[in-house]
Number of protein chains: 2
Amino acid sequence: MRGFEPAEFSARTERAQVMMNAAGLSALLLTTETDVRYFTGYLTRFWESPTRPWFLILPVAGKPVAVIPSIGASLMGQTWIDDIRTWSSPDLQDDGVSLLTDALTELTPLKGRIGMPDGHETHARMPVSDIERLRNRLGSRHITGDHGILRQLRIVKSEAEIAKIETACAIAGRAFARVPEIARAGVPLDEVFRGFQILCLEEGADWVPYLAGGAEQGGYSDVISPASSSPLEDGDVLMLDTGLVWDGYFSDFDRNWSVGPANPDVKSAYARLIEASDAAFEIARPGATAAELFHAINTVLTKASESTDAGRLGHGLGMSLTEWPSLIPTDQTVLEPGMVLTLEPGIAVGGKILVHEENIVVTDDVPRFISPRIGPEMIQL
Amino acid sequence: MRGFEPAEFSARTERAQVMMNAAGLSALLLTTETDVRYFTGYLTRFWESPTRPWFLILPVAGKPVAVIPSIGASLMGQTWIDDIRTWSSPDLQDDGVSLLTDALTELTPLKGRIGMPDGHETHARMPVSDIERLRNRLGSRHITGDHGILRQLRIVKSEAEIAKIETACAIAGRAFARVPEIARAGVPLDEVFRGFQILCLEEGADWVPYLAGGAEQGGYSDVISPASSSPLEDGDVLMLDTGLVWDGYFSDFDRNWSVGPANPDVKSAYARLIEASDAAFEIARPGATAAELFHAINTVLTKASESTDAGRLGHGLGMSLTEWPSLIPTDQTVLEPGMVLTLEPGIAVGGKILVHEENIVVTDDVPRFISPRIGPEMIQL
């Protein structure tokens with residue numbers, strides 16, 4: 001099923017309002033694609049255009065109020081939102097700030113506190129000078145942080161959200177299974193990248209926002225580079241890491257292939273990666289922490305090698321390619337049923353790196369792989 | 001040719017530094033994908049991950065300094081940037097703020113003014129609370145706006161940039177020409193969307209960040225919606241509007257097709273759109289203003305219909321899908337050679353809308369179409 005039942009959005013709204021009450025917030029002010037979509041279902045690729053700001057106000061009681069450019073009125077009108085206020089954007093003098101000020105003034109009391117997400121992994125998608133203008137115009141009403149409410153809500157996925165992420169993962173799994181159709185010695189890496197995106201679309205992706213990877217002898221130097229035009233050669237390890245979208249939700253996992261036979265060091269390092277992600281999978285139950293998953297992976301890895309520069313060994317996944325939490329030693333997030341995580345061990349071998357990534361969902365009991373779990377032997381092209 | 005010669009980046013840097021001097025800025029602090037890439041050539045799809053902040057400091061003299069997560073060190077090391085400072089990100093306590101403070105303190109004088117883009121079409125891609133932390137730690141050094149320097153630089157494209165945009169447009173043109181292979185009565189619109197993205201990739205797109213469109217009887221309600229699964233029917237007008245990327249630069253134009261014969265009102269409205277974009281094309285020379293192009297288009301349109309909700313009738317194009325200027329009555333931007341624009345008239349007809357879009361480059365003399373200019377008769381599928 002595409003989209004969500006209205007009950008999903010009202011439940012999200014009510015959960016937010018309970019937290020807002022506890023934090024003493026009169027409203028939330030949201031500006032990013034994911035935060036606006038979370039409470040509205042407003043799904044469009046038009047956010048690719050950085051020109052116009054978009055605002056959603058979530059008052060402490062009642063439904064969210066959209067304050068948006070008129071170009072979005074028709075599509076927003078198809079969501080469960082009733083109160084849609086628009087201006088003709090772009091407006092070089094006043095790009096929604098007055099309309100937003102009026103709405104916030106109407107919807108919040110004098111001295112009300114208005115929360116904007118301000119913590120880790122957030123930003124405000126509006127001009128810095130307009131935030132300042134808004135603060136000044138609001139007078140006694142005060143813009144503050146969101147007390148982590150968006151993080152707390154979005155970090156646990158509903159069954160309907162998990163179903164969408166699983167659909168995305170299944171599409172990616174089918175596309176990865178077809179990589180031998182497009183990749184072999186002699187094919188330039190950029191053609192592999194194009195071909196893989198085509199496979200993702202053929203298998204049902206709505207679009208393919210993210211693809212990175214590498215292919216060098218015995219590993220790769222980097223996991224975030226665009227593709228070069230160098231042809232694949234025997235002895236290369238090809239890695240493709242994709243974040244594809246189905247109905248607004250991401251998959252995010254990778255696969256590695258050996259072009260021709262892999263050397264023993266690569267084989268052994270790869271097997272260690274699988275062992276490492278399995279070690280985190282084994283303990284990914286309610287009550288375990290993100291830090292504990294980090295250590296489960298890292299303990300396996302440090303038997304074998306120095307660490308890579310990735311900065312973490314996995315992360316949350318959902319409406320964004322990457323979300324809270326992070327699998328790092330300092331992230332004490334306690335796992336709950338409904339969290340969707342990537343397990344992403346990386347290992348250094350012979351001056352190169354290898355990275356493996358799977359996607360799992362935390363349940364009441366044992367976790368579940370939602371990427372097609374792969375064995376310890378690297379597939380040969 | 002992929003990428004740019006180092007001379008391109010040093011020229012951009014020197015132009016910026018002249019403006020910084022004039023504005024009394026000791027440094028620019030840049031946080032977004034396009035602004036960082038503009039001065040470095042750092043090209044990766046990894047910005048899709050919202051987790052980590054990235055910083056580029058452009059001092060008033062010397063080369064830019066990158067302050068970035070360690071995961072980006074290898075790729076940034078392949079650019080012309082020498083001074084690359086990294087931290088292990090994500091860091092929940094201090095995600096680069098100390099490292100950035102130290103770098104800014106070293107690179108700017110006491111009481112120095114540090115400019116961050118803060119005007120229309122900008123945002124700061126870092127947590128609001130970290131901007132506050134940075135302000136506090138900088139002490140006597142002051143964060144201010146960028147005085148529109150990024151806008152002024154990026155709004156005029158170099159020959160090398162224009163060549164990339166033209167390549168992207170040529171790819172899109174070939175993909176649009178093949179639409180009859182994938183679209184006909186009975187094909188669901190979401191299959192057309194997938195198929196069109198595949199065509200873009202087959203024709204050479206690196207990726208397809210943007211696709212929107214519609215298909216309804218005699219027009220469409222909206223130009224930013226994702227595709228429904230409704231099959232195309234005789235009498236529908238299908239519109240596809242794509243922003244595809246080649247080497248970091250966008251095309252952005254659309255095409256309309258009639259499924260079966262178009263009715264006379266649609267034919268006439270469509271011809272009016274072509275006439276309207278041609279009217280702007282005719283006057284798009286150095287010295288004309290964005291507002292004048294708006295009026296050239298709007299004069300043709302208002303002969304025929306009420307306006308749509310788009311908010312503007314064209315815009316700049318380059319590293320982003322949409323950029324400054326806007327074709328609106330209040331944008332007095334004076335055209336200069338090297339500006340790349342979209343001309344995007346929209347018209348209401350029988351309760352629906354039709355939108356047409358072309359891409360042009362402003363030269364010393366007459367402008368040049370860089371999308372394949374189309375005639376006044378809508379193509380029939």
# chains A, B, ... in the order shown; residues from 1 in each chain; ligands from 1
>>> calpha_fit_and_write(fixed="chain B", moving="chain A", output="short mmCIF file (atom, residue, chain, number, x, y, z; two decimals) with C-alpha atoms, in the first residue's frame")
data_model
loop_
_atom_site.label_atom_id
_atom_site.label_comp_id
_atom_site.auth_asym_id
_atom_site.auth_seq_id
_atom_site.Cartn_x
_atom_site.Cartn_y
_atom_site.Cartn_z
CA MET A 1 36.05 16.45 -19.56
CA ARG A 2 35.15 15.51 -16.00
CA GLY A 3 35.94 17.95 -13.22
CA PHE A 4 37.71 21.27 -13.75
CA GLU A 5 41.25 22.49 -14.14
CA PRO A 6 42.71 23.80 -10.85
CA ALA A 7 42.78 27.25 -12.52
CA GLU A 8 38.98 27.26 -12.43
CA PHE A 9 38.95 26.89 -8.65
CA SER A 10 41.70 29.43 -8.06
CA ALA A 11 39.82 31.92 -10.26
CA ARG A 12 36.61 31.35 -8.26
CA THR A 13 38.57 31.77 -5.04
CA GLU A 14 40.21 34.98 -6.17
CA ARG A 15 36.92 36.48 -7.32
CA ALA A 16 35.41 35.65 -3.94
CA GLN A 17 38.36 37.20 -2.12
CA VAL A 18 38.03 40.48 -4.01
CA MET A 19 34.39 40.65 -2.92
CA MET A 20 35.26 39.63 0.65
CA ASN A 21 37.80 42.41 0.84
CA ALA A 22 35.25 44.91 -0.38
CA ALA A 23 32.72 43.65 2.18
CA GLY A 24 35.20 43.57 5.04
CA LEU A 25 34.97 39.82 5.55
CA SER A 26 37.92 37.85 6.95
CA ALA A 27 36.55 34.52 5.81
CA LEU A 28 33.56 32.73 4.37
CA LEU A 29 32.15 29.71 6.20
CA LEU A 30 30.33 27.33 3.85
CA THR A 31 28.24 24.30 4.83
CA THR A 32 26.14 23.17 1.84
CA GLU A 33 26.97 20.68 -0.90
CA THR A 34 26.94 23.23 -3.70
CA ASP A 35 28.89 25.93 -1.88
CA VAL A 36 31.58 23.52 -0.71
CA ARG A 37 31.82 21.94 -4.17
CA TYR A 38 31.99 25.34 -5.89
CA PHE A 39 35.38 26.08 -4.35
CA THR A 40 36.77 22.54 -4.09
CA GLY A 41 35.32 20.29 -6.78
CA TYR A 42 34.40 17.87 -4.00
CA LEU A 43 31.73 15.76 -5.71
CA THR A 44 29.96 12.93 -3.89
CA ARG A 45 26.41 11.76 -3.43
CA PHE A 46 27.21 11.21 0.25
CA TRP A 47 25.49 14.50 1.13
CA GLU A 48 22.29 12.45 0.90
CA SER A 49 23.20 11.40 4.44
CA PRO A 50 22.06 14.24 6.74
CA THR A 51 24.07 12.99 9.70
CA ARG A 52 27.39 14.77 9.39
CA PRO A 53 28.15 18.48 8.98
CA TRP A 54 30.87 19.56 6.51
CA PHE A 55 32.69 22.87 6.61
CA LEU A 56 34.76 24.85 4.17
CA ILE A 57 36.57 27.99 5.24
CA LEU A 58 37.58 30.45 2.56
CA PRO A 59 40.01 32.95 4.10
CA VAL A 60 40.42 36.38 2.54
CA ALA A 61 43.83 35.25 1.28
CA GLY A 62 45.12 31.80 0.40
CA LYS A 63 43.40 28.56 -0.50
CA PRO A 64 40.23 27.20 1.09
CA VAL A 65 40.57 25.00 4.17
CA ALA A 66 38.36 21.94 4.58
CA VAL A 67 37.13 20.97 8.05
CA ILE A 68 35.34 17.70 7.41
CA PRO A 69 34.46 14.26 8.76
CA SER A 70 37.29 11.75 8.35
CA ILE A 71 35.14 9.65 6.01
CA GLY A 72 35.64 12.40 3.40
CA ALA A 73 39.41 12.81 3.78
CA SER A 74 40.41 10.46 0.97
CA LEU A 75 38.09 12.00 -1.62
CA MET A 76 38.83 15.60 -0.55
CA GLY A 77 42.50 14.72 -0.87
CA GLN A 78 41.98 14.24 -4.59
CA THR A 79 40.88 17.86 -5.05
CA TRP A 80 43.12 20.95 -5.23
CA ILE A 81 42.64 21.53 -1.47
CA ASP A 82 45.82 21.05 0.60
CA ASP A 83 44.68 21.89 4.10
CA ILE A 84 42.21 19.20 5.15
CA ARG A 85 41.36 18.90 8.83
CA THR A 86 39.22 16.00 9.94
CA TRP A 87 37.45 14.65 12.97
CA SER A 88 35.80 11.29 13.57
CA SER A 89 32.16 12.09 12.89
CA PRO A 90 29.50 11.54 14.16
CA ASP A 91 30.60 12.85 17.54
CA LEU A 92 27.58 13.41 19.76
CA GLN A 93 29.40 15.83 22.06
CA ASP A 94 31.33 17.92 19.58
CA ASP A 95 30.62 17.29 15.91
CA GLY A 96 33.41 19.38 14.49
CA VAL A 97 32.61 22.59 16.37
CA SER A 98 35.90 22.71 18.29
CA LEU A 99 37.95 21.88 15.23
CA LEU A 100 36.07 24.52 13.25
CA THR A 101 36.48 27.10 16.01
CA ASP A 102 40.22 26.46 16.11
CA ALA A 103 40.55 26.76 12.35
CA LEU A 104 38.54 29.98 12.18
CA THR A 105 40.52 31.41 15.09
CA GLU A 106 43.75 30.59 13.31
CA LEU A 107 42.64 31.88 9.92
CA THR A 108 40.94 35.13 10.90
CA PRO A 109 42.05 38.11 13.02
CA LEU A 110 40.54 39.20 16.31
CA LYS A 111 37.23 40.94 15.60
CA GLY A 112 37.25 39.35 12.16
CA ARG A 113 33.91 39.04 10.39
CA ILE A 114 33.07 35.58 9.09
CA GLY A 115 30.40 35.43 6.40
CA MET A 116 27.88 32.60 6.10
CA PRO A 117 25.37 32.69 3.23
CA ASP A 118 22.15 33.90 4.88
CA GLY A 119 19.99 35.29 2.09
CA HIS A 120 17.31 34.03 -0.23
CA GLU A 121 17.69 30.39 -1.41
CA THR A 122 20.27 29.60 1.30
CA HIS A 123 20.35 27.67 4.53
CA ALA A 124 23.05 26.61 6.98
CA ARG A 125 23.52 22.84 6.86
CA MET A 126 24.46 22.30 10.48
CA PRO A 127 22.49 22.08 13.71
CA VAL A 128 21.07 25.38 14.93
CA SER A 129 22.50 24.66 18.38
CA ASP A 130 25.98 24.23 16.86
CA ILE A 131 25.77 27.61 15.12
CA GLU A 132 25.03 29.09 18.53
CA ARG A 133 27.91 27.15 20.10
CA LEU A 134 30.25 28.34 17.37
CA ARG A 135 29.19 31.98 17.84
CA ASN A 136 29.87 31.75 21.56
CA ARG A 137 33.25 30.10 21.16
CA LEU A 138 34.45 32.55 18.53
CA GLY A 139 34.38 35.32 21.09
CA SER A 140 35.28 38.60 19.43
CA ARG A 141 35.08 37.13 15.95
CA HIS A 142 31.63 37.66 14.53
CA ILE A 143 29.52 35.50 12.23
CA THR A 144 27.60 37.59 9.76
CA GLY A 145 26.02 37.16 6.33
CA ASP A 146 28.05 36.61 3.15
CA HIS A 147 26.83 39.86 1.57
CA GLY A 148 25.42 37.80 -1.31
CA ILE A 149 28.88 36.79 -2.48
CA LEU A 150 27.99 33.16 -3.22
CA ARG A 151 24.94 34.27 -5.16
CA GLN A 152 26.95 36.79 -7.14
CA LEU A 153 29.62 34.22 -8.00
CA ARG A 154 27.46 31.22 -8.79
CA ILE A 155 24.84 33.11 -10.80
CA VAL A 156 27.34 33.57 -13.68
CA LYS A 157 28.70 30.31 -15.07
CA SER A 158 32.11 29.78 -16.61
CA GLU A 159 32.49 28.23 -20.07
CA ALA A 160 33.46 24.96 -18.41
CA GLU A 161 30.34 25.01 -16.25
CA ILE A 162 28.13 25.81 -19.22
CA ALA A 163 29.63 22.87 -21.11
CA LYS A 164 28.58 20.54 -18.28
CA ILE A 165 25.05 21.95 -18.17
CA GLU A 166 24.84 21.58 -21.95
CA THR A 167 25.94 17.96 -21.66
CA ALA A 168 23.21 17.34 -19.08
CA CYS A 169 20.65 19.04 -21.34
CA ALA A 170 21.72 16.98 -24.34
CA ILE A 171 21.30 13.77 -22.34
CA ALA A 172 17.83 14.85 -21.23
CA GLY A 173 16.98 15.79 -24.81
CA ARG A 174 17.87 12.31 -26.05
CA ALA A 175 15.88 10.71 -23.23
CA PHE A 176 12.82 12.87 -23.99
CA ALA A 177 13.07 11.93 -27.67
CA ARG A 178 12.75 8.27 -26.67
CA VAL A 179 9.63 8.71 -24.52
CA PRO A 180 7.38 7.23 -27.25
CA GLU A 181 9.23 3.94 -26.58
CA ILE A 182 7.84 3.80 -23.03
CA ALA A 183 4.64 5.83 -22.92
CA ARG A 184 1.33 5.04 -24.57
CA ALA A 185 -2.32 4.62 -23.58
CA GLY A 186 -2.61 1.88 -20.96
CA VAL A 187 0.83 2.29 -19.37
CA PRO A 188 0.63 3.31 -15.69
CA LEU A 189 2.18 6.69 -14.97
CA ASP A 190 4.56 5.28 -12.36
CA GLU A 191 5.93 2.87 -14.97
CA VAL A 192 6.48 5.82 -17.28
CA PHE A 193 8.38 7.58 -14.50
CA ARG A 194 10.59 4.53 -13.91
CA GLY A 195 11.08 4.01 -17.62
CA PHE A 196 12.02 7.63 -18.17
CA GLN A 197 14.65 7.56 -15.44
CA ILE A 198 16.07 4.45 -17.13
CA LEU A 199 16.20 6.32 -20.46
CA CYS A 200 18.06 9.19 -18.77
CA LEU A 201 20.65 6.76 -17.39
CA GLU A 202 20.96 4.91 -20.70
CA GLU A 203 21.59 8.22 -22.45
CA GLY A 204 24.41 9.10 -20.03
CA ALA A 205 23.02 10.74 -16.88
CA ASP A 206 25.14 10.12 -13.81
CA TRP A 207 21.97 10.16 -11.78
CA VAL A 208 18.44 11.53 -11.85
CA PRO A 209 17.79 13.59 -8.73
CA TYR A 210 14.54 15.08 -9.95
CA LEU A 211 11.55 13.85 -11.88
CA ALA A 212 8.02 15.13 -11.56
CA GLY A 213 5.11 15.39 -13.90
CA GLY A 214 1.52 14.48 -14.42
CA ALA A 215 -0.98 13.02 -16.85
CA GLU A 216 -4.65 13.88 -16.79
CA GLN A 217 -7.34 14.72 -19.29
CA GLY A 218 -6.38 17.91 -21.09
CA GLY A 219 -3.58 18.86 -18.68
CA TYR A 220 -2.63 18.15 -15.07
CA SER A 221 -3.44 19.52 -11.62
CA ASP A 222 0.07 19.72 -10.35
CA VAL A 223 3.68 19.67 -11.53
CA ILE A 224 5.48 18.46 -8.42
CA SER A 225 3.62 15.24 -7.58
CA PRO A 226 5.07 11.77 -7.60
CA ALA A 227 3.51 9.44 -10.13
CA SER A 228 0.24 7.66 -9.51
CA SER A 229 -0.34 4.16 -10.82
CA SER A 230 -3.17 5.33 -13.11
CA PRO A 231 -2.70 4.21 -16.70
CA LEU A 232 -2.37 6.80 -19.44
CA GLU A 233 -5.61 7.34 -21.36
CA ASP A 234 -6.53 8.94 -24.65
CA GLY A 235 -6.99 12.64 -24.10
CA ASP A 236 -4.37 12.84 -21.33
CA VAL A 237 -1.56 15.31 -21.57
CA LEU A 238 1.59 13.69 -20.19
CA MET A 239 4.23 16.03 -18.79
CA LEU A 240 7.67 14.94 -17.56
CA ASP A 241 9.98 17.48 -15.93
CA THR A 242 13.43 16.20 -15.09
CA GLY A 243 16.51 17.49 -13.40
CA LEU A 244 19.28 15.08 -14.27
CA VAL A 245 22.93 15.47 -13.39
CA TRP A 246 26.11 15.10 -15.40
CA ASP A 247 29.36 15.70 -13.50
CA GLY A 248 27.56 17.70 -10.83
CA TYR A 249 25.55 19.99 -13.11
CA PHE A 250 21.82 19.90 -13.80
CA SER A 251 19.51 20.11 -16.74
CA ASP A 252 15.98 21.25 -15.91
CA PHE A 253 13.37 21.22 -18.63
CA ASP A 254 10.14 19.43 -19.38
CA ARG A 255 8.21 18.02 -22.31
CA ASN A 256 4.50 17.49 -22.95
CA TRP A 257 2.85 14.81 -25.05
CA SER A 258 -0.75 14.27 -26.00
CA VAL A 259 -1.98 10.71 -25.56
CA GLY A 260 -4.02 10.41 -28.74
CA PRO A 261 -5.21 13.61 -30.42
CA ALA A 262 -5.18 16.79 -28.33
CA ASN A 263 -8.34 18.87 -28.17
CA PRO A 264 -8.28 22.35 -29.75
CA ASP A 265 -8.07 24.18 -26.42
CA VAL A 266 -5.03 22.17 -25.38
CA LYS A 267 -3.38 22.70 -28.77
CA SER A 268 -3.95 26.41 -28.60
CA ALA A 269 -2.79 26.71 -24.98
CA TYR A 270 0.33 24.73 -25.76
CA ALA A 271 1.16 26.92 -28.74
CA ARG A 272 0.78 29.90 -26.46
CA LEU A 273 3.33 28.44 -24.04
CA ILE A 274 5.88 28.09 -26.82
CA GLU A 275 5.15 31.63 -27.92
CA ALA A 276 5.63 32.81 -24.33
CA SER A 277 8.99 31.15 -23.80
CA ASP A 278 10.13 32.42 -27.21
CA ALA A 279 9.16 35.96 -26.17
CA ALA A 280 11.51 35.75 -23.18
CA PHE A 281 14.21 34.13 -25.27
CA GLU A 282 14.10 37.05 -27.73
CA ILE A 283 14.98 39.61 -25.08
CA ALA A 284 17.35 37.50 -22.94
CA ARG A 285 20.45 39.61 -23.62
CA PRO A 286 22.92 41.35 -21.33
CA GLY A 287 21.24 44.32 -19.71
CA ALA A 288 17.72 42.88 -19.66
CA THR A 289 16.37 42.00 -16.21
CA ALA A 290 14.80 38.87 -14.79
CA ALA A 291 11.66 40.97 -14.25
CA GLU A 292 11.58 41.91 -17.93
CA LEU A 293 11.75 38.24 -18.91
CA PHE A 294 8.86 37.60 -16.53
CA HIS A 295 6.79 40.29 -18.19
CA ALA A 296 7.68 39.08 -21.70
CA ILE A 297 6.31 35.67 -20.79
CA ASN A 298 3.40 36.90 -18.75
CA THR A 299 2.16 39.28 -21.42
CA VAL A 300 1.72 36.39 -23.80
CA LEU A 301 0.11 34.22 -21.14
CA THR A 302 -2.36 36.76 -19.81
CA LYS A 303 -3.82 37.14 -23.26
CA ALA A 304 -5.01 33.60 -22.73
CA SER A 305 -5.62 32.63 -19.15
CA GLU A 306 -5.34 33.24 -15.46
CA SER A 307 -1.99 32.44 -13.88
CA THR A 308 -0.96 29.19 -12.22
CA ASP A 309 0.31 28.80 -8.66
CA ALA A 310 3.95 28.25 -9.64
CA GLY A 311 5.07 31.59 -8.21
CA ARG A 312 7.53 32.29 -11.04
CA LEU A 313 8.05 31.75 -14.76
CA GLY A 314 11.62 30.53 -14.79
CA HIS A 315 14.83 30.57 -12.80
CA GLY A 316 18.59 30.04 -12.76
CA LEU A 317 20.12 26.61 -13.27
CA GLY A 318 23.51 25.08 -12.54
CA MET A 319 24.90 23.08 -9.62
CA SER A 320 21.37 23.12 -8.22
CA LEU A 321 18.12 22.22 -9.94
CA THR A 322 16.99 25.78 -9.27
CA GLU A 323 19.11 28.82 -8.53
CA TRP A 324 18.95 32.59 -8.57
CA PRO A 325 17.52 34.59 -10.26
CA SER A 326 13.73 34.13 -10.34
CA LEU A 327 11.60 35.30 -13.23
CA ILE A 328 9.19 37.34 -11.09
CA PRO A 329 8.14 41.01 -11.28
CA THR A 330 10.34 42.01 -8.34
CA ASP A 331 13.63 40.38 -9.35
CA GLN A 332 15.69 43.17 -10.91
CA THR A 333 18.74 40.97 -11.55
CA VAL A 334 20.46 42.26 -14.69
CA LEU A 335 21.35 39.48 -17.12
CA GLU A 336 25.02 38.88 -17.85
CA PRO A 337 26.80 36.58 -20.28
CA GLY A 338 27.17 33.18 -18.68
CA MET A 339 23.86 33.12 -16.85
CA VAL A 340 21.91 29.93 -17.47
CA LEU A 341 18.16 30.23 -17.18
CA THR A 342 15.03 28.20 -17.48
CA LEU A 343 12.01 29.74 -19.18
CA GLU A 344 8.97 28.10 -17.64
CA PRO A 345 5.58 29.47 -18.67
CA GLY A 346 2.48 27.83 -17.22
CA ILE A 347 -1.10 28.26 -18.33
CA ALA A 348 -4.50 27.27 -16.95
CA VAL A 349 -6.86 25.53 -19.35
CA GLY A 350 -10.20 23.91 -18.51
CA GLY A 351 -9.40 23.57 -14.79
CA LYS A 352 -6.01 21.99 -15.49
CA ILE A 353 -2.59 23.46 -16.12
CA LEU A 354 0.06 23.06 -18.80
CA VAL A 355 3.68 23.98 -18.18
CA HIS A 356 6.51 24.23 -20.70
CA GLU A 357 10.19 24.69 -19.87
CA GLU A 358 13.35 25.35 -21.87
CA ASN A 359 16.95 26.06 -20.82
CA ILE A 360 18.97 28.89 -22.32
CA VAL A 361 22.34 30.52 -21.83
CA VAL A 362 22.85 34.26 -21.96
CA THR A 363 25.78 35.27 -24.19
CA ASP A 364 27.38 38.54 -25.30
CA ASP A 365 24.85 38.69 -28.09
CA VAL A 366 21.75 36.57 -28.77
CA PRO A 367 21.00 33.84 -26.25
CA ARG A 368 21.35 30.17 -27.07
CA PHE A 369 18.93 27.32 -26.43
CA ILE A 370 20.69 24.49 -24.61
CA SER A 371 17.60 22.33 -24.38
CA PRO A 372 16.55 21.16 -27.86
CA ARG A 373 14.09 23.91 -28.80
CA ILE A 374 10.67 22.51 -29.53
CA GLY A 375 7.96 23.61 -31.94
CA PRO A 376 4.43 24.84 -31.22
CA GLU A 377 2.71 21.52 -31.97
CA MET A 378 2.44 19.08 -29.11
CA ILE A 379 3.80 15.65 -29.97
CA GLN A 380 1.20 12.92 -30.03
CA LEU A 381 1.87 9.50 -28.49
#
>>> select_by_dssp(residues="segment 131-379 of chain A", states="alpha helix (DSSP H)", output="PyMOL selection string")
chain A and resi 131-138+149-154+159-177+189-202+264-283+290-302
>>> select_by_dssp(residues="segment 133-351 of chain B", states="strand (DSSP E or B)", output="NGL selection string")
:B and (142-145 or 188 or 207-217 or 219-220 or 231 or 236-246 or 249-250 or 253-258 or 289 or 314-316 or 323-326 or 334 or 340-343 or 346-349)
>>> write_last_selection(atoms="C-alpha atoms", output="tab-separated table (two decimals), in the first residue's frame")
chain	number	residue	atom	x	y	z
B	142	HIS	CA	31.66	37.66	14.54
B	143	ILE	CA	29.52	35.50	12.23
B	144	THR	CA	27.62	37.61	9.74
B	145	GLY	CA	26.04	37.17	6.32
B	188	PRO	CA	0.63	3.29	-15.68
B	207	TRP	CA	21.95	10.18	-11.78
B	208	VAL	CA	18.44	11.53	-11.85
B	209	PRO	CA	17.78	13.58	-8.72
B	210	TYR	CA	14.55	15.08	-9.95
B	211	LEU	CA	11.55	13.85	-11.87
B	212	ALA	CA	8.02	15.13	-11.56
B	213	GLY	CA	5.10	15.41	-13.89
B	214	GLY	CA	1.52	14.47	-14.43
B	215	ALA	CA	-0.98	13.02	-16.86
B	216	GLU	CA	-4.65	13.89	-16.79
B	217	GLN	CA	-7.35	14.71	-19.30
B	219	GLY	CA	-3.58	18.87	-18.68
B	220	TYR	CA	-2.62	18.14	-15.08
B	231	PRO	CA	-2.70	4.21	-16.71
B	236	ASP	CA	-4.38	12.84	-21.33
B	237	VAL	CA	-1.56	15.31	-21.57
B	238	LEU	CA	1.58	13.69	-20.19
B	239	MET	CA	4.22	16.01	-18.79
B	240	LEU	CA	7.65	14.94	-17.56
B	241	ASP	CA	9.97	17.48	-15.93
B	242	THR	CA	13.43	16.20	-15.09
B	243	GLY	CA	16.52	17.49	-13.40
B	244	LEU	CA	19.28	15.07	-14.28
B	245	VAL	CA	22.93	15.48	-13.38
B	246	TRP	CA	26.10	15.10	-15.39
B	249	TYR	CA	25.54	19.99	-13.11
B	250	PHE	CA	21.82	19.90	-13.79
B	253	PHE	CA	13.36	21.22	-18.61
B	254	ASP	CA	10.14	19.42	-19.37
B	255	ARG	CA	8.21	18.01	-22.31
B	256	ASN	CA	4.48	17.50	-22.95
B	257	TRP	CA	2.85	14.81	-25.04
B	258	SER	CA	-0.74	14.26	-26.00
B	289	THR	CA	16.37	42.01	-16.23
B	314	GLY	CA	11.63	30.53	-14.80
B	315	HIS	CA	14.83	30.58	-12.79
B	316	GLY	CA	18.58	30.05	-12.76
B	323	GLU	CA	19.10	28.83	-8.52
B	324	TRP	CA	18.94	32.61	-8.54
B	325	PRO	CA	17.51	34.62	-10.27
B	326	SER	CA	13.73	34.16	-10.34
B	334	VAL	CA	20.45	42.26	-14.71
B	340	VAL	CA	21.92	29.94	-17.47
B	341	LEU	CA	18.15	30.24	-17.18
B	342	THR	CA	15.02	28.20	-17.47
B	343	LEU	CA	12.00	29.74	-19.18
B	346	GLY	CA	2.47	27.85	-17.22
B	347	ILE	CA	-1.10	28.25	-18.33
B	348	ALA	CA	-4.50	27.26	-16.95
B	349	VAL	CA	-6.85	25.51	-19.36
>>> decode(residues="segment 252-258 of chain B", atoms="N, CA and C atoms", output="compact mmCIF listing (two decimals), in the first residue's frame")
# COMPACT_ATOMS: atom_id res chain seq x y z
N ASP B 252 17.31 21.15 -16.48
CA ASP B 252 15.97 21.25 -15.89
C ASP B 252 14.99 21.75 -16.94
N PHE B 253 14.44 20.82 -17.70
CA PHE B 253 13.36 21.22 -18.61
C PHE B 253 12.36 20.09 -18.71
N ASP B 254 11.22 20.40 -19.31
CA ASP B 254 10.14 19.42 -19.37
C ASP B 254 9.72 19.19 -20.82
N ARG B 255 8.87 18.23 -21.02
CA ARG B 255 8.21 18.01 -22.31
C ARG B 255 6.78 17.55 -22.05
N ASN B 256 5.89 17.90 -23.00
CA ASN B 256 4.48 17.50 -22.95
C ASN B 256 4.16 16.63 -24.16
N TRP B 257 3.32 15.64 -23.95
CA TRP B 257 2.85 14.81 -25.04
C TRP B 257 1.34 14.63 -24.90
N SER B 258 0.67 14.58 -26.03
CA SER B 258 -0.74 14.26 -26.00
C SER B 258 -0.91 12.75 -26.24
